[in-house]
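Heads up, start-v4.cif below (mmCIF, C-alpha atoms):
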```
data_input
loop_
_atom_site.label_atom_id
_atom_site.label_comp_id
_atom_site.auth_asym_id
_atom_site.auth_seq_id
_atom_site.Cartn_x
_atom_site.Cartn_y
_atom_site.Cartn_z
CA MET A 264 -10.47 18.11 20.85
CA THR A 265 -13.66 16.25 21.75
CA PRO A 266 -13.66 13.85 24.72
CA LEU A 267 -12.23 10.44 23.98
CA PRO A 268 -14.42 7.35 24.44
CA ASP A 269 -13.50 4.52 26.76
CA PHE A 270 -10.59 2.47 25.44
CA ARG A 271 -12.45 -0.81 24.92
CA LEU A 272 -9.40 -3.07 24.87
CA GLU A 273 -7.85 -1.62 28.01
CA THR A 274 -11.20 -1.62 29.82
CA TYR A 275 -11.65 -5.29 28.94
CA PHE A 276 -8.10 -6.08 30.02
CA SER A 277 -8.60 -4.21 33.29
CA ARG A 278 -11.37 -6.68 34.07
CA TRP A 279 -9.72 -9.89 32.89
CA GLU A 280 -6.00 -9.67 32.01
CA PHE A 281 -4.63 -10.44 35.45
CA THR A 282 -7.49 -12.61 36.73
CA ALA A 283 -7.98 -15.02 33.80
CA ARG A 284 -5.98 -18.22 34.19
CA HIS A 285 -5.03 -18.46 30.52
CA HIS A 286 -4.12 -15.32 28.57
CA LEU A 287 -4.61 -16.49 24.98
CA THR A 288 -4.98 -13.07 23.40
CA ALA A 289 -1.72 -11.32 24.30
CA SER A 290 -0.22 -9.14 21.57
CA ASP A 291 3.33 -9.26 22.92
CA VAL A 292 5.87 -12.04 22.71
CA GLN A 293 6.93 -13.80 25.92
CA THR A 294 9.03 -11.41 27.96
CA MET A 295 12.29 -12.16 29.77
CA PRO A 296 13.58 -11.53 33.30
CA LEU A 297 15.74 -8.48 33.91
CA GLY A 298 18.79 -10.68 34.54
CA GLU A 299 18.42 -12.35 31.16
CA LEU A 300 18.30 -8.99 29.41
CA LEU A 301 21.31 -7.70 31.34
CA ALA A 302 23.22 -10.82 30.32
CA LEU A 303 22.93 -9.54 26.73
CA ALA A 304 24.57 -6.22 27.61
CA ASP A 305 28.16 -5.33 26.86
CA ASP A 306 30.36 -4.23 29.74
CA GLN A 307 29.79 -0.54 29.04
CA ASP A 308 25.99 -0.74 29.05
CA ARG A 309 25.90 -3.04 32.07
CA ALA A 310 28.02 -0.55 33.99
CA ALA A 311 25.83 2.30 32.77
CA PHE A 312 22.79 0.54 34.23
CA GLU A 313 24.40 -0.36 37.53
CA ASN A 314 25.80 3.16 38.07
CA LEU A 315 22.84 5.06 36.65
CA SER A 316 21.95 8.40 38.21
CA LEU A 317 18.19 8.54 38.66
CA GLY A 318 17.68 12.08 37.45
CA TYR A 319 15.66 13.55 34.61
CA THR A 320 16.48 12.48 31.08
CA GLN A 321 16.36 14.39 27.79
CA THR A 322 12.90 14.91 26.31
CA PHE A 323 14.03 13.60 22.93
CA GLY A 324 15.43 10.51 24.66
CA ASP A 325 18.83 9.28 25.77
CA PRO A 326 21.32 10.08 22.97
CA ALA A 327 22.84 6.58 23.05
CA LEU A 328 19.35 5.04 22.84
CA ARG A 329 18.46 7.24 19.87
CA GLU A 330 21.71 6.19 18.22
CA ALA A 331 20.80 2.52 18.72
CA ILE A 332 17.32 3.13 17.30
CA ALA A 333 18.71 4.95 14.28
CA GLY A 334 20.86 1.91 13.57
CA MET A 335 17.69 0.02 12.69
CA TYR A 336 17.01 2.33 9.73
CA GLU A 337 18.82 2.78 6.43
CA ARG A 338 18.36 6.53 6.03
CA ALA A 339 17.85 7.93 9.53
CA ASP A 340 20.28 9.05 12.19
CA ALA A 341 19.86 9.82 15.88
CA ALA A 342 18.59 13.34 15.19
CA ASP A 343 15.62 11.78 13.35
CA VAL A 344 14.41 9.90 16.45
CA ILE A 345 12.27 10.97 19.41
CA CYS A 346 11.42 8.58 22.25
CA PHE A 347 8.16 8.25 24.18
CA ALA A 348 6.61 6.32 27.06
CA GLY A 349 5.42 3.47 24.88
CA ALA A 350 3.77 3.59 21.47
CA GLU A 351 0.47 4.97 22.76
CA GLU A 352 1.96 8.30 23.87
CA ALA A 353 3.73 8.57 20.53
CA LEU A 354 0.52 7.94 18.58
CA TYR A 355 -1.52 10.33 20.73
CA LEU A 356 0.93 13.20 20.46
CA ALA A 357 1.64 12.66 16.77
CA MET A 358 -2.04 12.93 15.89
CA ASN A 359 -2.44 16.02 18.05
CA VAL A 360 0.54 17.66 16.33
CA LEU A 361 -0.44 16.66 12.80
CA LEU A 362 -4.21 17.18 12.92
CA GLY A 363 -6.61 19.93 13.89
CA ALA A 364 -10.08 21.27 13.19
CA GLY A 365 -10.63 21.53 9.46
CA ASP A 366 -8.18 18.73 8.65
CA HIS A 367 -8.92 15.21 7.44
CA ALA A 368 -7.29 11.83 8.04
CA VAL A 369 -7.54 8.39 6.44
CA VAL A 370 -7.25 5.39 8.75
CA VAL A 371 -7.04 1.73 7.77
CA THR A 372 -9.29 -0.62 9.77
CA PRO A 373 -9.40 -2.87 11.77
CA ASN A 374 -6.80 -1.40 14.06
CA TYR A 375 -5.66 -0.57 17.56
CA GLN A 376 -8.54 1.60 18.77
CA ALA A 377 -6.51 4.76 19.41
CA ALA A 378 -5.48 4.80 15.75
CA GLU A 379 -8.98 5.97 14.88
CA THR A 380 -10.43 7.44 18.08
CA VAL A 381 -7.65 9.99 18.58
CA PRO A 382 -7.93 11.39 15.01
CA LEU A 383 -11.74 11.32 15.31
CA ALA A 384 -11.51 13.55 18.36
CA LEU A 385 -9.56 16.08 16.31
CA CYS A 386 -11.02 16.19 12.80
CA GLU A 387 -12.96 14.34 10.13
CA VAL A 388 -11.72 10.82 9.42
CA THR A 389 -12.42 8.34 6.62
CA GLY A 390 -11.85 4.64 7.15
CA VAL A 391 -10.56 2.18 4.58
CA ALA A 392 -11.25 -1.41 5.59
CA LEU A 393 -8.98 -4.36 4.93
CA ALA A 394 -11.04 -6.95 3.05
CA PRO A 395 -11.66 -10.09 5.16
CA ASP A 396 -12.89 -12.05 2.13
CA ARG A 397 -9.61 -11.31 0.29
CA ASP A 398 -7.18 -12.25 3.05
CA TRP A 399 -7.43 -8.77 4.54
CA ALA A 400 -6.12 -7.11 1.37
CA LEU A 401 -5.67 -3.32 1.28
CA ASP A 402 -7.32 -1.59 -1.69
CA LEU A 403 -4.98 1.23 -2.69
CA ASP A 404 -7.66 2.64 -4.98
CA ALA A 405 -9.94 2.95 -1.94
CA VAL A 406 -7.19 4.84 -0.10
CA ARG A 407 -6.75 7.12 -3.10
CA ALA A 408 -10.50 7.75 -3.29
CA ALA A 409 -10.66 8.57 0.42
CA ILE A 410 -8.05 11.32 0.18
CA ARG A 411 -9.34 14.91 0.17
CA PRO A 412 -7.61 18.24 -0.46
CA ASN A 413 -7.39 18.74 3.33
CA THR A 414 -6.09 15.23 4.14
CA ARG A 415 -3.05 15.55 6.37
CA VAL A 416 -2.48 11.96 7.57
CA VAL A 417 -2.88 8.42 6.26
CA SER A 418 -2.51 5.92 9.12
CA VAL A 419 -1.63 2.24 8.60
CA ASN A 420 -0.41 -0.71 10.67
CA PHE A 421 1.51 -3.67 9.20
CA PRO A 422 1.87 -6.37 10.40
CA ASN A 423 -1.67 -5.49 11.33
CA ASN A 424 -3.27 -5.78 14.74
CA PRO A 425 -5.53 -7.78 15.02
CA THR A 426 -5.34 -9.60 11.65
CA GLY A 427 -1.59 -10.16 11.24
CA LYS A 428 -1.82 -8.97 7.62
CA VAL A 429 1.32 -7.83 5.80
CA ILE A 430 0.76 -6.19 2.43
CA SER A 431 3.31 -6.51 -0.35
CA ALA A 432 6.39 -4.29 -0.38
CA ALA A 433 5.30 -3.05 -3.81
CA ASP A 434 1.93 -1.90 -2.48
CA PHE A 435 3.55 -0.31 0.56
CA THR A 436 5.93 1.63 -1.67
CA LYS A 437 2.98 2.76 -3.82
CA LEU A 438 1.21 3.94 -0.68
CA VAL A 439 4.25 5.96 0.39
CA ARG A 440 4.47 7.56 -3.06
CA LEU A 441 0.76 8.36 -3.06
CA CYS A 442 1.12 10.20 0.24
CA ASP A 443 4.23 12.05 -0.93
CA GLU A 444 2.53 13.16 -4.15
CA ARG A 445 -0.31 14.69 -2.11
CA GLY A 446 1.88 16.20 0.62
CA ILE A 447 0.42 13.84 3.22
CA HIS A 448 2.20 12.39 6.24
CA LEU A 449 2.08 8.60 6.25
CA PHE A 450 1.86 7.40 9.86
CA SER A 451 3.14 3.82 9.82
CA ASP A 452 2.66 1.70 12.95
CA GLU A 453 5.46 -0.87 12.69
CA VAL A 454 5.39 -2.31 16.21
CA PHE A 455 5.17 -5.96 15.04
CA ARG A 456 7.91 -5.61 12.45
CA GLY A 457 10.46 -8.43 12.70
CA LEU A 458 7.92 -11.17 13.40
CA GLU A 459 6.99 -11.97 9.80
CA ARG A 460 6.57 -15.70 9.16
CA ASP A 461 8.55 -15.24 5.96
CA PRO A 462 11.38 -12.75 6.59
CA ALA A 463 11.37 -11.94 2.86
CA ARG A 464 8.00 -10.25 3.41
CA THR A 465 9.34 -7.78 5.95
CA LEU A 466 8.31 -4.33 4.74
CA PRO A 467 10.71 -1.42 4.45
CA GLN A 468 10.27 1.15 7.19
CA ALA A 469 8.26 4.15 6.11
CA ALA A 470 10.83 6.64 7.44
CA ASP A 471 13.40 5.14 5.08
CA LEU A 472 11.13 5.65 2.08
CA SER A 473 9.97 9.21 2.70
CA GLU A 474 11.18 12.29 4.55
CA ARG A 475 7.56 13.05 5.51
CA ALA A 476 6.63 9.59 6.81
CA LEU A 477 6.57 8.69 10.50
CA SER A 478 7.63 5.20 11.60
CA LEU A 479 6.23 4.18 14.99
CA ASN A 480 7.87 1.39 16.98
CA VAL A 481 8.24 0.18 20.55
CA THR A 482 10.05 -2.37 22.70
CA SER A 483 6.75 -3.99 23.71
CA LYS A 484 5.68 -6.25 20.87
CA SER A 485 8.36 -7.85 18.68
CA LEU A 486 10.98 -7.63 21.44
CA GLY A 487 8.56 -8.73 24.16
CA LEU A 488 9.58 -6.03 26.64
CA PRO A 489 6.39 -4.04 27.37
CA GLY A 490 7.45 -3.30 30.94
CA LEU A 491 10.15 -0.96 29.69
CA ARG A 492 7.50 1.44 28.30
CA ILE A 493 9.83 2.78 25.61
CA GLY A 494 8.52 3.68 22.17
CA TRP A 495 9.72 6.02 19.46
CA ILE A 496 8.94 7.81 16.25
CA THR A 497 11.52 8.03 13.50
CA CYS A 498 10.96 10.81 10.96
CA ARG A 499 13.39 12.78 8.82
CA ASP A 500 11.24 15.94 9.07
CA ARG A 501 13.12 17.53 11.97
CA GLU A 502 10.80 20.50 12.27
CA LEU A 503 8.01 18.01 12.94
CA LEU A 504 10.16 16.24 15.52
CA SER A 505 10.65 19.58 17.29
CA ARG A 506 6.88 20.01 17.45
CA LEU A 507 6.57 16.51 18.89
CA GLU A 508 9.14 17.35 21.55
CA ARG A 509 7.21 20.44 22.58
CA ALA A 510 4.00 18.40 22.75
CA LYS A 511 5.73 15.85 24.97
CA HIS A 512 6.43 18.64 27.48
CA TYR A 513 2.71 18.39 28.36
CA THR A 514 2.68 14.63 28.93
CA THR A 515 5.63 12.63 30.28
CA ILE A 516 8.30 15.32 29.68
CA CYS A 517 10.96 12.61 29.65
CA ASN A 518 11.25 8.84 29.87
CA SER A 519 12.36 6.56 32.70
CA ALA A 520 16.16 6.60 32.87
CA PRO A 521 16.51 2.88 33.77
CA SER A 522 14.13 1.94 30.97
CA GLU A 523 16.12 3.91 28.43
CA VAL A 524 19.34 2.07 29.29
CA LEU A 525 17.57 -1.29 29.25
CA ALA A 526 15.95 -0.44 25.91
CA ARG A 527 19.39 0.43 24.54
CA ILE A 528 20.67 -2.98 25.64
CA ALA A 529 17.68 -4.69 24.02
CA LEU A 530 18.06 -2.87 20.72
CA LYS A 531 21.75 -3.67 20.50
CA ALA A 532 20.81 -7.33 21.05
CA ARG A 533 17.78 -7.04 18.76
CA ALA A 534 18.90 -9.77 16.34
CA THR A 535 19.35 -12.25 19.20
CA ILE A 536 16.01 -11.39 20.81
CA LEU A 537 14.11 -11.53 17.53
CA GLU A 538 15.65 -14.91 16.71
CA ARG A 539 14.45 -16.18 20.09
CA ASN A 540 10.97 -14.74 19.59
CA ARG A 541 10.55 -16.00 16.02
CA ALA A 542 11.60 -19.46 17.18
CA LEU A 543 8.96 -19.34 19.92
CA ILE A 544 6.27 -18.40 17.40
CA ALA A 545 7.42 -21.12 15.00
CA ARG A 546 7.13 -23.63 17.82
CA ASN A 547 3.69 -22.39 18.88
CA LEU A 548 1.90 -22.07 15.54
CA PRO A 549 1.60 -25.82 14.90
CA LEU A 550 -0.15 -26.13 18.26
CA PHE A 551 -2.73 -23.57 17.13
CA ASP A 552 -3.01 -25.23 13.71
CA ALA A 553 -3.80 -28.52 15.43
CA PHE A 554 -6.33 -26.94 17.78
CA PHE A 555 -8.29 -25.26 15.01
CA ALA A 556 -8.09 -28.38 12.82
CA GLU A 557 -9.84 -30.35 15.57
CA PHE A 558 -12.62 -27.77 15.75
CA ALA A 559 -12.87 -26.95 12.05
CA ASP A 560 -16.69 -27.01 12.29
CA LEU A 561 -16.54 -24.08 14.72
CA PHE A 562 -13.69 -21.92 13.42
CA GLN A 563 -12.07 -20.66 10.24
CA TRP A 564 -8.35 -20.33 10.91
CA ARG A 565 -5.38 -19.24 8.89
CA ALA A 566 -1.97 -18.44 10.35
CA PRO A 567 -1.27 -14.74 9.75
CA ASP A 568 1.52 -13.20 7.68
CA GLY A 569 3.28 -11.63 10.64
CA GLY A 570 3.09 -10.51 14.23
CA CYS A 571 1.96 -12.73 17.08
CA VAL A 572 -1.83 -12.31 16.88
CA ALA A 573 -4.47 -13.66 14.52
CA TYR A 574 -8.15 -12.95 13.93
CA PRO A 575 -10.01 -16.24 13.34
CA ARG A 576 -13.68 -16.49 12.49
CA TYR A 577 -16.16 -18.16 14.85
CA LEU A 578 -18.93 -20.12 13.12
CA GLY A 579 -21.03 -21.00 16.17
CA THR A 580 -24.65 -19.88 16.27
CA ASP A 581 -24.25 -18.38 19.76
CA GLY A 582 -21.95 -15.67 18.38
CA VAL A 583 -18.43 -14.63 19.23
CA GLU A 584 -19.38 -12.25 22.05
CA GLU A 585 -21.15 -15.06 23.91
CA LEU A 586 -18.26 -17.41 23.21
CA CYS A 587 -15.63 -15.09 24.66
CA THR A 588 -17.72 -14.07 27.67
CA ARG A 589 -18.61 -17.60 28.69
CA LEU A 590 -15.13 -18.95 27.99
CA VAL A 591 -13.38 -16.53 30.33
CA LYS A 592 -16.04 -16.72 33.04
CA GLU A 593 -16.46 -20.48 33.01
CA ASN A 594 -12.98 -21.68 32.13
CA GLY A 595 -10.61 -18.74 32.64
CA VAL A 596 -9.47 -18.53 28.98
CA LEU A 597 -9.15 -14.95 27.75
CA LEU A 598 -9.81 -13.98 24.11
CA LEU A 599 -10.79 -10.62 22.63
CA PRO A 600 -14.16 -10.58 20.82
CA ALA A 601 -14.88 -8.59 17.67
CA SER A 602 -16.63 -5.81 19.60
CA ILE A 603 -13.24 -4.70 20.92
CA PHE A 604 -12.16 -4.00 17.34
CA ARG A 605 -15.37 -2.47 16.00
CA SER A 606 -14.94 0.73 14.03
CA GLU A 607 -16.90 3.95 13.84
CA LEU A 608 -15.51 4.40 10.34
CA THR A 609 -16.21 1.16 8.45
CA PRO A 610 -18.29 -1.99 8.75
CA ALA A 611 -16.36 -4.68 10.59
CA PRO A 612 -16.86 -8.44 10.90
CA ALA A 613 -18.76 -9.34 14.07
CA ASP A 614 -17.73 -13.01 14.07
CA ARG A 615 -13.99 -12.69 14.75
CA PHE A 616 -11.83 -12.84 17.84
CA ARG A 617 -8.18 -12.08 18.52
CA ILE A 618 -5.93 -14.87 19.67
CA GLY A 619 -2.24 -14.54 20.53
CA PHE A 620 0.47 -17.14 20.00
CA GLY A 621 3.63 -15.38 21.15
CA ARG A 622 3.67 -16.45 24.78
CA ALA A 623 5.59 -19.44 26.10
CA ASP A 624 3.78 -22.73 26.75
CA PRO A 625 0.28 -22.03 25.38
CA GLU A 626 -0.56 -25.75 25.63
CA GLU A 627 -2.36 -25.37 28.96
CA GLY A 628 -4.60 -22.59 27.67
CA LEU A 629 -5.39 -24.42 24.44
CA ALA A 630 -6.14 -27.59 26.41
CA ALA A 631 -8.55 -25.70 28.68
CA PHE A 632 -10.22 -24.14 25.62
CA ALA A 633 -10.52 -27.55 23.94
CA GLN A 634 -11.88 -29.20 27.09
CA TRP A 635 -14.56 -26.53 27.37
CA LEU A 636 -15.55 -26.96 23.73
CA ARG A 637 -15.69 -30.75 24.00
CA ALA A 638 -17.91 -30.47 27.05
CA GLY A 639 -20.50 -28.83 24.87
CA ARG A 640 -20.02 -25.26 26.11
#
```
Produce structure tokens that represent the structure in this file.
Amino acid sequence: MTPLPDFRLETYFSRWEFTARHHLTASDVQTMPLGELLALADDQDRAAFENLSLGYTQTFGDPALREAIAGMYERADAADVICFAGAEEALYLAMNVLLGAGDHAVVVTPNYQAAETVPLALCEVTGVALAPDRDWALDLDAVRAAIRPNTRVVSVNFPNNPTGKVISAADFTKLVRLCDERGIHLFSDEVFRGLERDPARTLPQAADLSERALSLNVTSKSLGLPGLRIGWITCRDRELLSRLERAKHYTTICNSAPSEVLARIALKARATILERNRALIARNLPLFDAFFAEFADLFQWRAPDGGCVAYPRYLGTDGVEELCTRLVKENGVLLLPASIFRSELTPAPADRFRIGFGRADPEEGLAAFAQWLRAGR
């Protein structure tokens, strides 16, 4: 494995995330206090948390947590689930288990940086770009053309980060079948699932459609509980899950025991939490619609299909990098410029920025952004 490059997003966040006054680019929904989460617990789980022994946990994850996760799927049970310290550990280890020298992967762009940099450190990778001029459409023929005899993984993310794109269920099913026909593992990042603007557009989970597919999810995004640091992979290939467990022995070994109980509580209350979070997004989106309507000469905006981030276009002659740098330095409003999402695999638009609308009370941040724009920047 070749050395990994700096993680641009995390490096940028290290500089600005906790010093900027207005975090307008967050990819997680507004979180909740511990007491509010515990109020959603049944008596058994609340007692389990209060009387928890702080010892090591099972590498695969707490059995009751895996049972709760399996309940989210139509064709998986607890034995088809392995838990990790967030989605990043899961992605990192999955790529290291699935790929090696001489292999090939196909990765859809734009994406969360690790989705391409980890495979690139292991083998040859071909990118397939979502088309910005066609509402970020995925060209299945381009995916098919990118596949080689030694392709082992096709990696996708819907709802997509940073664009919020959700492809059709028909296209997703075709993608699963294409991978199955070629003996390829589909790695499906589903961390924003449940936040679709139209619930009818919610995609099936890849692990339900194929025994070879891997569904990645986490408590961080749709549930708004990133502090728990609990992610998981669901896959009905149990030999592969065993290899993932052995790989995890070299990283975290096991998860935080308190976090596993709290994640179990959250997943059992998933419907309630998602209803809360979708309502928050529904309340916030008109505020963003109004903001971008006022500054239509500077931005091209369209609310995304799902998730809680969007990727608008900046039309100003100074460029999006200058916009984002000056905005955070001069007015404390944090956005993520296109350079954070550049790809080594495909051309990528340089005039976009990521904005998040899942946090509570974004009015103050939008007002500060608007004031700065009205002042002539």
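Reported to one decimal place, the separation of CA of Leu385 in chain A from CA of Gly490 in chain A is 29.6 Å.
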Selection under test: the PyMOL selection byres ((chain A and resi 584) around 8); residues as a list of chain:residue names: A:Gly582, A:Val583, A:Glu585, A:Leu586, A:Cys587, A:Thr588, A:Pro600, A:Ala601, A:Ser602
So that each row is one residue of range 364-427 of chain A with an atom at most 12 Å from range 455-475 of chain A, can you give its shortest atom pair and the distance in Å to one decimal, using all atoms listed in the file, rows by chain and rising number, as JSON lines?
```
{"residue": "A:Arg415", "atom": "CA", "partner": "A:Arg475", "partner_atom": "CA", "distance": 10.9}
{"residue": "A:Val416", "atom": "CA", "partner": "A:Arg475", "partner_atom": "CA", "distance": 10.3}
{"residue": "A:Val417", "atom": "CA", "partner": "A:Arg475", "partner_atom": "CA", "distance": 11.4}
{"residue": "A:Ser418", "atom": "CA", "partner": "A:Ala469", "partner_atom": "CA", "distance": 11.3}
{"residue": "A:Val419", "atom": "CA", "partner": "A:Ala469", "partner_atom": "CA", "distance": 10.4}
{"residue": "A:Asn420", "atom": "CA", "partner": "A:Phe455", "partner_atom": "CA", "distance": 8.8}
{"residue": "A:Phe421", "atom": "CA", "partner": "A:Phe455", "partner_atom": "CA", "distance": 7.3}
{"residue": "A:Pro422", "atom": "CA", "partner": "A:Phe455", "partner_atom": "CA", "distance": 5.7}
{"residue": "A:Asn423", "atom": "CA", "partner": "A:Phe455", "partner_atom": "CA", "distance": 7.8}
{"residue": "A:Asn424", "atom": "CA", "partner": "A:Phe455", "partner_atom": "CA", "distance": 8.4}
{"residue": "A:Pro425", "atom": "CA", "partner": "A:Phe455", "partner_atom": "CA", "distance": 10.9}
{"residue": "A:Thr426", "atom": "CA", "partner": "A:Phe455", "partner_atom": "CA", "distance": 11.6}
{"residue": "A:Gly427", "atom": "CA", "partner": "A:Phe455", "partner_atom": "CA", "distance": 8.8}
```
Mind dumping the selected residues with C-alpha atoms as a CSV table (one decimal), in the frame of the given file?
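That gives us selection-v2.csv:
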```csv
chain,number,residue,atom,x,y,z
A,415,ARG,CA,-3.0,15.6,6.4
A,416,VAL,CA,-2.5,12.0,7.6
A,417,VAL,CA,-2.9,8.4,6.3
A,418,SER,CA,-2.5,5.9,9.1
A,419,VAL,CA,-1.6,2.2,8.6
A,420,ASN,CA,-0.4,-0.7,10.7
A,421,PHE,CA,1.5,-3.7,9.2
A,422,PRO,CA,1.9,-6.4,10.4
A,423,ASN,CA,-1.7,-5.5,11.3
A,424,ASN,CA,-3.3,-5.8,14.7
A,425,PRO,CA,-5.5,-7.8,15.0
A,426,THR,CA,-5.3,-9.6,11.6
A,427,GLY,CA,-1.6,-10.2,11.2
```
Ground truth for the PyMOL selection byres ((chain A and resi 606-623) around 9), written as an NGL selection string: :A and (286-294 or 370 or 372-374 or 376 or 379-380 or 388-392 or 395 or 424-426 or 487 or 540-541 or 543-544 or 547-548 or 551 or 570-579 or 582-584 or 587 or 597-605 or 624-626)
Residue IDs satisfying the PyMOL selection byres ((chain A and resi 530-537) around 7), as a ChimeraX atom specification: /A:303,331-332,457,485-486,526-529,538-541
Straight-line distance linking CA of Ala542 in chain A with CA of Leu301 in chain A, stated in Å to one decimal: 20.8 Å
Ala364 in chain A surroundings by only C-alpha atoms, 12 Å radius, close-in-sequence under 3 positions cut, as a PyMOL selection string: chain A and resi 264-265+358-361+367-368+382-388+413-415
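One distance worth recording is that between CA of Ile516 in chain A and CA of Ser451 in chain A, which is 23.5 Å.
Residues surrounding Asp500 in chain A within 12 Å are Ala339, Asp340, Ala342, Asp343, Val344, Ile345, His448, Ala470, Asp471, Ser473, Glu474, Arg475, Ala476, Leu477, Ser478, Arg506 and Leu507 of chain A [all atoms listed in the file; sequence separation below 6 positions excluded].
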Around range 503-516 of chain A, fit a box with edges along x, y and z, padding it by 3 Å on each side, then list its centre and edge lengths in Å to one decimal as AutoDock Vina command-line options.
```
--center_x 6.7 --center_y 16.5 --center_z 21.6 --size_x 14.0 --size_y 13.8 --size_z 23.3
```
Distance query Leu354 in chain A at most 9 Å, only C-alpha atoms, self and fewer than 5 positions along chain excluded, as a ChimeraX atom specification: /A:359,377-378,381,450,452,479,496
Option closest in space to Tyr319 in chain A, from A:Ala520, A:Leu441, A:Ala400, A:Leu590 [counting all atoms listed in the file]: A:Ala520
Proximity to Glu337 in chain A - best of A:Ser316, A:Gln307, A:Thr282, A:Thr497, all atoms listed in the file: A:Thr497
Distance query Glu352 in chain A at most 10 Å, all atoms listed in the file, self and fewer than 6 positions along chain excluded, as a PyMOL selection string: chain A and resi 346+492-495+511+514-515
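With only C-alpha atoms as the atoms that count, the residue of A:Thr482, A:Asn314, A:Thr436, A:Thr322 with the shortest distance to Tyr513 in chain A is A:Thr322.
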Best match for closeness to Ala302 in chain A among A:Leu491, A:Val454, A:Ser431, A:Leu525, counting all atoms listed in the file: A:Leu525
